[in-house]
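To be precise, the following lines are query-v8.cif, and they hold mmCIF, C-alpha atoms and all ligand atoms.
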data_my_file
loop_
_atom_site.label_atom_id
_atom_site.label_comp_id
_atom_site.auth_asym_id
_atom_site.auth_seq_id
_atom_site.Cartn_x
_atom_site.Cartn_y
_atom_site.Cartn_z
CA MET K 1 -6.26 3.20 23.44
CA LYS K 2 -4.01 5.51 21.51
CA PRO K 3 -1.72 3.43 19.29
CA THR K 4 1.95 3.47 20.24
CA GLU K 5 4.48 4.43 17.58
CA VAL K 6 7.23 1.89 18.18
CA ALA K 7 9.45 3.18 15.35
CA LYS K 8 8.92 5.70 12.60
CA ASN K 9 5.61 4.80 10.92
CA ILE K 10 5.33 1.50 12.75
CA TYR K 11 2.54 1.34 15.32
CA GLU K 12 1.37 -1.12 17.93
CA VAL K 13 -2.39 -1.21 17.37
CA GLY K 14 -3.51 -4.26 19.37
CA ALA K 15 -5.58 -4.59 22.53
CA ILE K 16 -5.06 -4.87 26.27
CA ASP K 17 -7.04 -7.65 27.96
CA TRP K 18 -7.00 -6.39 31.53
CA ASN K 19 -9.35 -8.99 32.97
CA ILE K 20 -8.35 -12.34 31.54
CA ARG K 21 -7.32 -14.60 34.41
CA ASP K 22 -7.24 -18.00 32.71
CA PHE K 23 -5.50 -18.40 29.38
CA HIS K 24 -6.33 -22.01 28.45
CA GLY K 25 -5.21 -23.28 31.83
CA TYR K 26 -2.40 -20.75 32.43
CA SER K 27 -3.17 -18.27 35.20
CA THR K 28 -2.82 -14.73 33.88
CA HIS K 29 -2.86 -12.91 37.22
CA GLU K 30 -2.15 -9.59 35.54
CA GLY K 31 -4.03 -10.01 32.26
CA THR K 32 -2.32 -9.91 28.89
CA THR K 33 -2.13 -7.99 25.64
CA TYR K 34 -2.64 -9.06 22.04
CA ASN K 35 -0.18 -6.96 20.11
CA ALA K 36 -0.62 -6.23 16.41
CA TYR K 37 1.59 -3.96 14.34
CA LEU K 38 0.73 -1.56 11.55
CA ILE K 39 3.55 -0.62 9.18
CA VAL K 40 2.72 2.48 7.17
CA ASP K 41 4.73 2.36 3.96
CA GLU K 42 3.80 2.46 0.27
CA LYS K 43 1.96 -0.78 0.98
CA ILE K 44 0.28 -0.51 4.37
CA THR K 45 0.84 -3.76 6.21
CA LEU K 46 -0.79 -5.23 9.30
CA VAL K 47 1.23 -7.82 11.20
CA ASP K 48 -1.14 -10.13 13.13
CA THR K 49 -4.53 -9.34 14.60
CA VAL K 50 -6.05 -9.88 18.06
CA LYS K 51 -8.48 -12.16 19.87
CA LYS K 52 -11.91 -12.07 18.24
CA GLU K 53 -13.53 -10.19 21.13
CA HIS K 54 -11.06 -7.32 20.68
CA ALA K 55 -11.32 -6.98 16.89
CA ASP K 56 -13.32 -3.74 17.04
CA GLU K 57 -10.70 -2.22 19.32
CA LEU K 58 -8.00 -3.17 16.81
CA LEU K 59 -9.91 -1.56 13.96
CA GLU K 60 -10.54 1.59 16.03
CA ASN K 61 -6.84 1.82 16.82
CA ILE K 62 -5.92 1.41 13.16
CA ALA K 63 -8.48 4.06 12.21
CA GLN K 64 -6.60 6.59 14.37
CA ILE K 65 -3.69 6.23 11.92
CA VAL K 66 -5.21 5.26 8.57
CA ASP K 67 -8.56 4.21 7.19
CA PRO K 68 -8.46 0.40 7.68
CA ARG K 69 -9.66 -0.01 4.09
CA LYS K 70 -6.27 1.34 3.00
CA ILE K 71 -4.46 -1.69 4.43
CA ASP K 72 -2.81 -3.49 1.51
CA TYR K 73 -1.34 -6.59 3.14
CA VAL K 74 -1.97 -8.71 6.20
CA ILE K 75 0.74 -10.91 7.67
CA SER K 76 -0.31 -13.75 9.96
CA ASN K 77 2.72 -14.98 11.89
CA HIS K 78 0.67 -17.53 13.86
CA THR K 79 -2.77 -19.11 13.61
CA GLU K 80 -3.65 -19.43 17.30
CA MET K 81 -6.91 -17.62 17.92
CA ASP K 82 -5.50 -14.96 20.23
CA HIS K 83 -3.73 -13.55 17.15
CA SER K 84 -5.98 -14.58 14.29
CA GLY K 85 -9.40 -14.52 15.93
CA GLY K 86 -9.92 -10.96 14.70
CA LEU K 87 -8.90 -11.80 11.14
CA ALA K 88 -12.40 -12.43 9.80
CA ARG K 89 -13.56 -9.04 11.08
CA VAL K 90 -10.45 -7.34 9.70
CA MET K 91 -10.79 -8.96 6.26
CA HIS K 92 -14.44 -8.01 6.11
CA ARG K 93 -13.49 -4.39 6.81
CA ILE K 94 -10.37 -4.02 4.64
CA GLY K 95 -11.54 -6.12 1.71
CA GLU K 96 -11.70 -9.91 1.39
CA ASP K 97 -9.37 -9.83 -1.63
CA LYS K 98 -6.39 -8.36 0.24
CA PRO K 99 -3.36 -10.70 0.36
CA VAL K 100 -2.76 -12.63 3.56
CA TYR K 101 0.89 -13.68 3.96
CA CYS K 102 1.57 -16.66 6.18
CA SER K 103 3.71 -19.79 6.35
CA LYS K 104 2.65 -22.87 4.39
CA ALA K 105 1.40 -24.49 7.60
CA GLY K 106 -0.31 -21.19 8.41
CA TYR K 107 -2.14 -21.39 5.09
CA LYS K 108 -3.44 -24.88 5.96
CA ASN K 109 -4.40 -23.90 9.49
CA LEU K 110 -6.05 -20.58 8.63
CA SER K 111 -8.04 -22.27 5.86
CA LYS K 112 -9.31 -24.85 8.33
CA HIS K 113 -10.07 -22.32 11.05
CA PHE K 114 -11.92 -19.82 8.90
CA GLN K 115 -13.14 -21.88 5.94
CA GLN K 116 -12.74 -18.79 3.76
CA LYS K 117 -11.12 -18.57 0.36
CA TRP K 118 -9.04 -15.52 1.18
CA ASN K 119 -6.16 -14.41 -1.03
CA TYR K 120 -3.56 -16.48 0.84
CA ARG K 121 0.10 -16.02 -0.09
CA PRO K 122 2.04 -18.82 1.62
CA VAL K 123 5.69 -17.83 1.99
CA GLU K 124 8.97 -19.74 2.10
CA ASP K 125 11.46 -19.56 4.93
CA GLY K 126 13.67 -16.60 3.97
CA GLY K 127 11.06 -15.24 1.55
CA GLN K 128 10.93 -11.45 1.22
CA LEU K 129 8.18 -8.93 0.68
CA GLY K 130 8.88 -5.37 -0.44
CA ILE K 131 6.37 -2.87 0.91
CA GLY K 132 7.99 0.34 -0.31
CA LYS K 133 11.00 1.67 1.56
CA ARG K 134 10.98 -1.50 3.61
CA THR K 135 11.65 -5.16 3.00
CA LEU K 136 10.11 -7.77 5.25
CA VAL K 137 11.78 -11.17 5.60
CA PHE K 138 9.87 -14.25 6.75
CA MET K 139 11.52 -16.79 9.03
CA GLU K 140 9.82 -20.09 9.71
CA THR K 141 9.92 -21.03 13.38
CA ARG K 142 8.05 -24.33 13.14
CA MET K 143 6.88 -25.66 16.50
CA LEU K 144 7.73 -22.43 18.29
CA HIS K 145 5.16 -23.05 19.31
CA TRP K 146 2.78 -24.24 16.56
CA PRO K 147 3.64 -25.77 13.17
CA ASP K 148 2.56 -22.53 11.48
CA SER K 149 4.61 -20.14 13.62
CA MET K 150 6.92 -17.71 11.89
CA PHE K 151 8.75 -14.45 12.55
CA THR K 152 8.69 -11.41 10.28
CA TYR K 153 11.87 -9.34 10.24
CA GLY K 154 11.91 -5.71 9.13
CA LYS K 155 15.32 -5.38 7.47
CA GLU K 156 15.68 -1.59 7.42
CA ASP K 157 14.26 -1.02 10.91
CA LYS K 158 16.04 -4.12 12.31
CA ILE K 159 12.81 -5.10 14.03
CA LEU K 160 11.85 -8.69 14.73
CA PHE K 161 8.10 -9.26 14.87
CA SER K 162 8.41 -12.43 16.93
CA SER K 163 4.83 -13.63 17.38
CA ASP K 164 4.54 -15.52 20.70
CA ALA K 165 8.30 -15.82 21.28
CA PHE K 166 9.78 -13.37 23.83
CA GLY K 167 6.28 -12.42 24.99
CA GLN K 168 4.81 -12.15 28.45
CA HIS K 169 1.27 -12.32 29.75
CA TYR K 170 1.19 -8.89 31.33
CA ALA K 171 -1.34 -6.10 30.90
CA GLY K 172 -0.04 -2.63 31.67
CA LEU K 173 0.26 0.84 30.27
CA GLU K 174 3.99 0.33 29.86
CA ARG K 175 4.76 -0.65 26.28
CA PHE K 176 8.55 -0.98 26.37
CA ASP K 177 11.17 -2.79 28.45
CA ASP K 178 12.77 0.49 29.55
CA GLN K 179 9.43 1.61 31.03
CA ILE K 180 9.02 -1.43 33.29
CA GLY K 181 12.58 -2.65 33.89
CA ASP K 182 13.31 -5.99 35.55
CA ALA K 183 9.73 -6.27 36.86
CA ILE K 184 8.82 -7.83 33.51
CA MET K 185 11.24 -10.74 33.82
CA PRO K 186 9.11 -12.95 36.13
CA HIS K 187 6.30 -12.67 33.56
CA ALA K 188 8.65 -13.57 30.70
CA ARG K 189 9.97 -16.49 32.73
CA LYS K 190 6.51 -17.83 33.54
CA TYR K 191 5.54 -17.54 29.88
CA PHE K 192 8.63 -19.50 28.84
CA ALA K 193 8.13 -22.20 31.48
CA ASN K 194 4.49 -22.77 30.56
CA ILE K 195 4.49 -22.33 26.80
CA LEU K 196 7.93 -22.86 25.36
CA LEU K 197 9.80 -25.15 27.76
CA LEU K 198 9.14 -28.30 25.74
CA TYR K 199 10.71 -26.68 22.69
CA SER K 200 13.97 -25.78 24.45
CA PRO K 201 16.19 -27.68 21.96
CA LEU K 202 14.55 -25.84 19.05
CA ILE K 203 15.08 -22.49 20.77
CA VAL K 204 18.80 -23.13 21.16
CA LYS K 205 18.99 -24.02 17.43
CA LEU K 206 16.96 -20.96 16.43
CA VAL K 207 19.24 -18.59 18.36
CA GLU K 208 22.25 -20.23 16.66
CA LYS K 209 20.56 -19.79 13.26
CA VAL K 210 19.90 -16.10 13.95
CA LYS K 211 23.50 -15.60 15.12
CA ALA K 212 24.87 -17.39 12.03
CA ALA K 213 22.74 -15.19 9.77
CA GLY K 214 24.26 -12.13 11.47
CA LEU K 215 20.80 -10.66 11.90
CA ALA K 216 21.00 -7.26 13.59
CA ILE K 217 18.10 -6.81 16.00
CA ASP K 218 17.39 -3.35 17.39
CA MET K 219 13.93 -4.20 18.63
CA ILE K 220 11.80 -7.27 19.33
CA CYS K 221 8.06 -6.80 18.96
CA PRO K 222 6.25 -9.83 20.41
CA ASP K 223 2.51 -10.46 20.28
CA HIS K 224 2.08 -10.36 24.07
CA GLY K 225 3.27 -7.87 26.65
CA ILE K 226 6.01 -5.28 26.33
CA ILE K 227 8.32 -4.55 23.41
CA TRP K 228 12.07 -5.05 23.85
CA ARG K 229 13.73 -1.89 22.53
CA LYS K 230 16.32 -0.95 25.16
CA ASP K 231 17.93 -4.35 25.48
CA PRO K 232 16.53 -7.01 23.13
CA LEU K 233 19.59 -9.15 23.82
CA LYS K 234 18.49 -9.49 27.45
CA ILE K 235 15.47 -11.61 26.61
CA ILE K 236 17.41 -13.62 24.00
CA LYS K 237 20.07 -14.41 26.62
CA ALA K 238 17.38 -15.33 29.14
CA TYR K 239 15.80 -17.72 26.60
CA VAL K 240 19.17 -19.42 26.03
CA GLU K 241 19.70 -19.78 29.78
CA TRP K 242 16.17 -21.10 30.41
CA SER K 243 16.47 -23.52 27.48
CA GLU K 244 19.60 -25.06 28.98
CA GLN K 245 17.58 -26.11 32.06
CA LYS K 246 20.59 -26.30 34.34
CA PRO K 247 19.30 -27.63 37.68
CA LYS K 248 19.89 -25.53 40.78
CA ARG K 249 20.16 -26.62 44.39
CA LYS K 250 16.46 -26.15 44.64
CA ALA K 251 13.61 -28.56 45.37
CA LEU K 252 9.86 -28.23 45.16
CA VAL K 253 7.63 -30.35 47.32
CA VAL K 254 4.36 -30.38 45.40
CA TYR K 255 1.45 -32.07 47.13
CA ASP K 256 -2.20 -32.26 48.02
CA THR K 257 -3.65 -33.52 51.25
CA MET K 258 -7.02 -34.76 52.52
CA TRP K 259 -6.68 -34.66 56.32
CA HIS K 260 -3.22 -33.06 56.69
CA SER K 261 -1.18 -36.27 56.91
CA THR K 262 0.50 -35.83 53.52
CA GLU K 263 0.91 -32.15 54.40
CA LYS K 264 2.86 -33.04 57.57
CA MET K 265 5.09 -35.27 55.46
CA ALA K 266 5.64 -32.46 52.92
CA GLU K 267 6.69 -30.07 55.68
CA ALA K 268 9.13 -32.60 57.18
CA ILE K 269 10.76 -33.13 53.78
CA VAL K 270 11.05 -29.37 53.20
CA ASP K 271 12.51 -28.91 56.68
CA ALA K 272 15.21 -31.52 56.01
CA LEU K 273 16.01 -30.03 52.60
CA GLY K 274 16.37 -26.60 54.19
CA HIS K 275 18.79 -27.98 56.79
CA GLU K 276 20.92 -29.29 53.94
CA GLY K 277 21.12 -25.86 52.34
CA VAL K 278 18.57 -26.55 49.61
CA ASP K 279 16.24 -23.80 48.45
CA ALA K 280 13.00 -25.69 49.12
CA LYS K 281 9.33 -24.96 49.53
CA PRO K 282 6.07 -26.84 49.88
CA MET K 283 3.52 -26.08 47.16
CA HIS K 284 -0.02 -27.17 47.98
CA LEU K 285 -1.83 -27.90 44.75
CA ARG K 286 -5.02 -26.18 45.81
CA LYS K 287 -3.16 -23.05 46.95
CA TRP K 288 -0.80 -22.69 44.02
CA HIS K 289 -1.85 -22.60 40.38
CA ARG K 290 -0.27 -25.29 38.23
CA SER K 291 1.30 -22.65 35.97
CA ASP K 292 2.97 -20.92 38.94
CA ILE K 293 4.34 -24.25 40.13
CA MET K 294 5.64 -24.94 36.63
CA THR K 295 7.49 -21.61 36.68
CA GLU K 296 9.30 -22.81 39.81
CA VAL K 297 10.01 -26.20 38.21
CA LEU K 298 12.04 -24.44 35.49
CA ASP K 299 15.29 -24.25 37.49
CA ALA K 300 14.54 -26.71 40.31
CA GLY K 301 16.87 -29.70 40.57
CA ALA K 302 14.23 -31.85 42.28
CA VAL K 303 10.47 -32.17 42.17
CA VAL K 304 9.07 -34.22 45.05
CA VAL K 305 5.42 -35.11 44.64
CA GLY K 306 3.07 -36.10 47.44
CA SER K 307 -0.45 -37.47 47.31
CA PRO K 308 -2.88 -39.23 49.58
CA THR K 309 -4.42 -42.36 48.07
CA LEU K 310 -8.01 -41.74 47.04
CA ASN K 311 -10.09 -44.61 45.67
CA ASN K 312 -6.96 -46.61 44.84
CA GLY K 313 -5.46 -43.74 42.86
CA MET K 314 -3.64 -40.48 43.32
CA PHE K 315 -5.51 -37.33 44.27
CA PRO K 316 -7.08 -35.63 41.17
CA THR K 317 -5.09 -32.39 41.56
CA VAL K 318 -1.84 -34.39 41.65
CA SER K 319 -2.84 -36.20 38.49
CA ASP K 320 -3.69 -32.85 36.86
CA PHE K 321 -0.30 -31.41 37.77
CA LEU K 322 1.64 -34.45 36.59
CA THR K 323 -0.20 -34.42 33.25
CA TYR K 324 0.53 -30.71 32.84
CA MET K 325 4.21 -31.06 33.76
CA LYS K 326 4.65 -34.11 31.54
CA GLY K 327 3.47 -32.17 28.49
CA LEU K 328 6.06 -29.46 29.11
CA LYS K 329 8.92 -32.03 29.19
CA PRO K 330 11.19 -30.56 31.88
CA GLN K 331 14.73 -31.95 31.73
CA ASN K 332 17.48 -32.81 34.24
CA LYS K 333 15.28 -33.36 37.29
CA ILE K 334 15.46 -35.64 40.28
CA GLY K 335 12.10 -37.03 41.36
CA ALA K 336 10.69 -38.63 44.48
CA SER K 337 7.27 -39.25 45.99
CA PHE K 338 5.47 -39.63 49.27
CA GLY K 339 1.96 -39.86 50.65
CA SER K 340 -0.38 -41.12 53.30
CA TYR K 341 -3.11 -43.70 52.86
CA GLY K 342 -5.84 -45.50 54.74
CA TRP K 343 -5.82 -49.09 53.46
CA SER K 344 -4.39 -49.55 49.96
CA GLY K 345 -1.78 -46.82 49.31
CA GLU K 346 -1.21 -46.97 45.55
CA ALA K 347 -0.53 -43.25 45.04
CA VAL K 348 3.24 -43.31 45.67
CA LYS K 349 3.87 -46.10 43.17
CA LEU K 350 1.67 -44.39 40.59
CA ILE K 351 3.53 -41.10 41.02
CA ASN K 352 6.90 -42.84 40.63
CA GLY K 353 5.67 -44.37 37.37
CA GLU K 354 4.69 -40.93 36.08
CA LEU K 355 8.00 -39.36 37.10
CA GLU K 356 9.95 -42.17 35.44
CA GLY K 357 7.85 -41.67 32.33
CA MET K 358 9.10 -38.06 32.31
CA LYS K 359 12.70 -39.33 32.53
CA PHE K 360 13.16 -37.94 36.03
CA LYS K 361 15.84 -39.70 38.06
CA VAL K 362 13.67 -41.28 40.77
CA ILE K 363 16.08 -41.68 43.65
CA ASP K 364 13.95 -43.52 46.19
CA PRO K 365 10.95 -45.88 46.27
CA GLY K 366 9.14 -43.13 48.19
CA VAL K 367 7.69 -42.82 51.68
CA ARG K 368 4.23 -44.30 52.32
CA VAL K 369 2.53 -43.75 55.65
CA ALA K 370 -0.69 -45.35 56.90
CA TYR K 371 -3.07 -42.80 58.41
CA VAL K 372 -1.17 -40.16 60.41
CA PRO K 373 2.64 -39.92 60.31
CA ASP K 374 4.22 -40.69 63.69
CA LYS K 375 7.72 -39.72 64.81
CA GLU K 376 9.32 -42.54 62.84
CA ALA K 377 7.40 -41.76 59.69
CA LEU K 378 8.37 -38.10 59.89
CA GLN K 379 11.98 -39.18 60.36
CA ALA K 380 11.67 -41.25 57.16
CA CYS K 381 10.47 -38.10 55.40
CA ARG K 382 13.49 -36.20 56.74
CA GLU K 383 15.77 -38.96 55.47
CA LEU K 384 14.15 -38.64 52.05
CA GLY K 385 14.87 -34.91 52.14
CA LYS K 386 18.52 -35.57 53.06
CA ASN K 387 18.89 -38.11 50.25
CA ILE K 388 17.49 -35.67 47.73
CA ALA K 389 19.88 -32.97 48.98
CA LYS K 390 22.85 -35.32 48.40
CA GLU K 391 21.90 -35.63 44.74
CA LEU K 392 21.47 -31.93 44.08
CA PRO K 393 24.26 -29.71 42.75
CA HIS K 394 26.12 -27.49 45.23
FE1 LIG O 401 -0.33 -16.12 21.75
FE2 LIG O 401 0.21 -19.24 20.45
O1 LIG O 401 -0.73 -17.69 20.83
#

For this file, write the structure as structure tokens.
Ligand code: FEO
Amino acid sequence: MKPTEVAKNIYEVGAIDWNIRDFHGYSTHEGTTYNAYLIVDEKITLVDTVKKEHADELLENIAQIVDPRKIDYVISNHTEMDHSGGLARVMHRIGEDKPVYCSKAGYKNLSKHFQQKWNYRPVEDGGQLGIGKRTLVFMETRMLHWPDSMFTYGKEDKILFSSDAFGQHYAGLERFDDQIGDAIMPHARKYFANILLLYSPLIVKLVEKVKAAGLAIDMICPDHGIIWRKDPLKIIKAYVEWSEQKPKRKALVVYDTMWHSTEKMAEAIVDALGHEGVDAKPMHLRKWHRSDIMTEVLDAGAVVVGSPTLNNGMFPTVSDFLTYMKGLKPQNKIGASFGSYGWSGEAVKLINGELEGMKFKVIDPGVRVAYVPDKEALQACRELGKNIAKELPH
């Protein structure tokens, strides 16, 4: 690929991963990119690298601008392997003695990952690095989303190199927000819901910190997806809104089913919710990917979970989903459960326990039905739907 000049003498030199469809359990239906940035100044500086498999592509892209051996500094904003996997290859090519700037936690993590005695230069929050006409400022963003994460801010260009934050898993030839428009927002939203949701309180604080510092931002260059140059404020505002997790009059009925009994119950609950003016939909766990369901959870006021009882437990896909959702710590949700069973019927109680563990407001003991739901059982499901609707905001 031809590198993209994002600002004068600043190039995006990373790689497009068109074919990745599973990013450690997150479905990347449209691939992703690993962005890296080359700043050509008196000291030539590379901000982040790419996944190991794409390291040659990164070096070829850099070579279209400068001989990689001329790179003076490397900045590693984040240790996760999709951004540092190519570091060993890069260091080998540019010279193992070249300084690697990173956060203190980044120093620890990179040392453990690579077991190399590179010329690490751990930086302080607010630390600065002059590279000629430009000054780069480092901002620690611990736990957004790893302990080592940091931003690098180009003072003169007013560019925020934001690592994972404000990214999207999207592979395309478009490189900027103005080239793709609003079509990028569902990708940004999914990325937030599946990677950053649990850090919502930290995001609110970070935005306040940036505002208080009066940091002017003309462009945000994340490590995945498109670059925000037309309207960087748009994605910042969206992050604030998503972090607030205000529940909508929306309910998801997430379920699996063995012989369609739990499915019939799910559909009755959705039907009742719809009659009460709730935006509701059934989401079958073997038809919807967990990460797409999680994207819908972001602004849902209620998550209703259904499972048949299998071997005295809940169905494995339900357990998988609950584990995944629990880790992402969604806030301000109503929860309820339902399910069919043959002889023991533990699933509903187990689901309630999980939902309570996530601090969901469980509004009902749940509907359990032996074998196939009859008219009465389906009515009980409709009542559950109505009760959920009463609790949701208008
Ligand atoms: Fe894109 Fe946390 O790595």

- Report as a PyMOL selection string which protein, DNA and RNA residues come within 10 Å of ligand LIG 401 (chain O), using only C-alpha atoms and all ligand atoms. chain K and resi 23+32-35+50-51+77-84+144-146+148-149+163-165+167-169+195-196+222-224

- Task: Name the residues in contact with K:Lys190 at a cut-off of 9 Å, using only C-alpha atoms, excluding same-chain residues fewer than 3 positions from it; report them as a list in words.
- Result: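 The contact residues come out as Gln168, His169, Met185, Pro186, His187, Ala193, Asn194, Ile195, Ser291, Asp292, Met294, Thr295, Glu296 and Leu298 of chain K.
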
- Point-to-point distance in Å for atom CA of K:Tyr255 and atom CA of K:Lys287: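 So the answer is 10.1 Å.
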
- Task: Could you tell me which of K:Ile16, K:Val204, K:Leu322, K:Leu310 comes closest to K:Trp259 if we count only C-alpha atoms?
- Result: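 Between K:Ile16, K:Val204, K:Leu322, K:Leu310, the residue approaching K:Trp259 most closely is K:Leu310.
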
- Item | Nearest residue to K:Phe360 from the set K:Val100, K:Val348, K:Val13, K:Val303 (distances using all atoms listed in the file) | K:Val303

- Can you tell me how far atom CA of K:Tyr107 sits from atom CA of K:Ile75, in Å to one decimal?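 The value is 11.2 Å.
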
- Query: Which polymer residues have any atom within 10 Å of an atom of stretch 64-74 of chain K, counting all atoms listed in the file, with same-chain residues fewer than 3 positions away left out, as JSON, numbers by chain?
  - Reply: {"K": [1, 2, 3, 9, 11, 13, 38, 39, 40, 41, 42, 43, 44, 45, 46, 47, 48, 49, 58, 59, 60, 61, 77, 87, 90, 91, 92, 93, 94, 95, 97, 98, 99, 100, 101, 102, 120, 121, 131]}

Write out the residues from the selection above, keeping C-alpha atoms, as a compact mmCIF listing (two decimals), in the frame of the given file.
# COMPACT_ATOMS: atom_id res chain seq x y z
CA MET K 1 -6.26 3.20 23.44
CA LYS K 2 -4.01 5.51 21.51
CA PRO K 3 -1.72 3.43 19.29
CA ASN K 9 5.61 4.80 10.92
CA TYR K 11 2.54 1.34 15.32
CA VAL K 13 -2.39 -1.21 17.37
CA LEU K 38 0.73 -1.56 11.55
CA ILE K 39 3.55 -0.62 9.18
CA VAL K 40 2.72 2.48 7.17
CA ASP K 41 4.73 2.36 3.96
CA GLU K 42 3.80 2.46 0.27
CA LYS K 43 1.96 -0.78 0.98
CA ILE K 44 0.28 -0.51 4.37
CA THR K 45 0.84 -3.76 6.21
CA LEU K 46 -0.79 -5.23 9.30
CA VAL K 47 1.23 -7.82 11.20
CA ASP K 48 -1.14 -10.13 13.13
CA THR K 49 -4.53 -9.34 14.60
CA LEU K 58 -8.00 -3.17 16.81
CA LEU K 59 -9.91 -1.56 13.96
CA GLU K 60 -10.54 1.59 16.03
CA ASN K 61 -6.84 1.82 16.82
CA ASN K 77 2.72 -14.98 11.89
CA LEU K 87 -8.90 -11.80 11.14
CA VAL K 90 -10.45 -7.34 9.70
CA MET K 91 -10.79 -8.96 6.26
CA HIS K 92 -14.44 -8.01 6.11
CA ARG K 93 -13.49 -4.39 6.81
CA ILE K 94 -10.37 -4.02 4.64
CA GLY K 95 -11.54 -6.12 1.71
CA ASP K 97 -9.37 -9.83 -1.63
CA LYS K 98 -6.39 -8.36 0.24
CA PRO K 99 -3.36 -10.70 0.36
CA VAL K 100 -2.76 -12.63 3.56
CA TYR K 101 0.89 -13.68 3.96
CA CYS K 102 1.57 -16.66 6.18
CA TYR K 120 -3.56 -16.48 0.84
CA ARG K 121 0.10 -16.02 -0.09
CA ILE K 131 6.37 -2.87 0.91

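Minimum atom-to-atom distance to K:Lys211, evaluated using all atoms listed in the file, belongs to K:Leu233 out of K:Leu233, K:Lys361, K:Gly132, K:Phe321.
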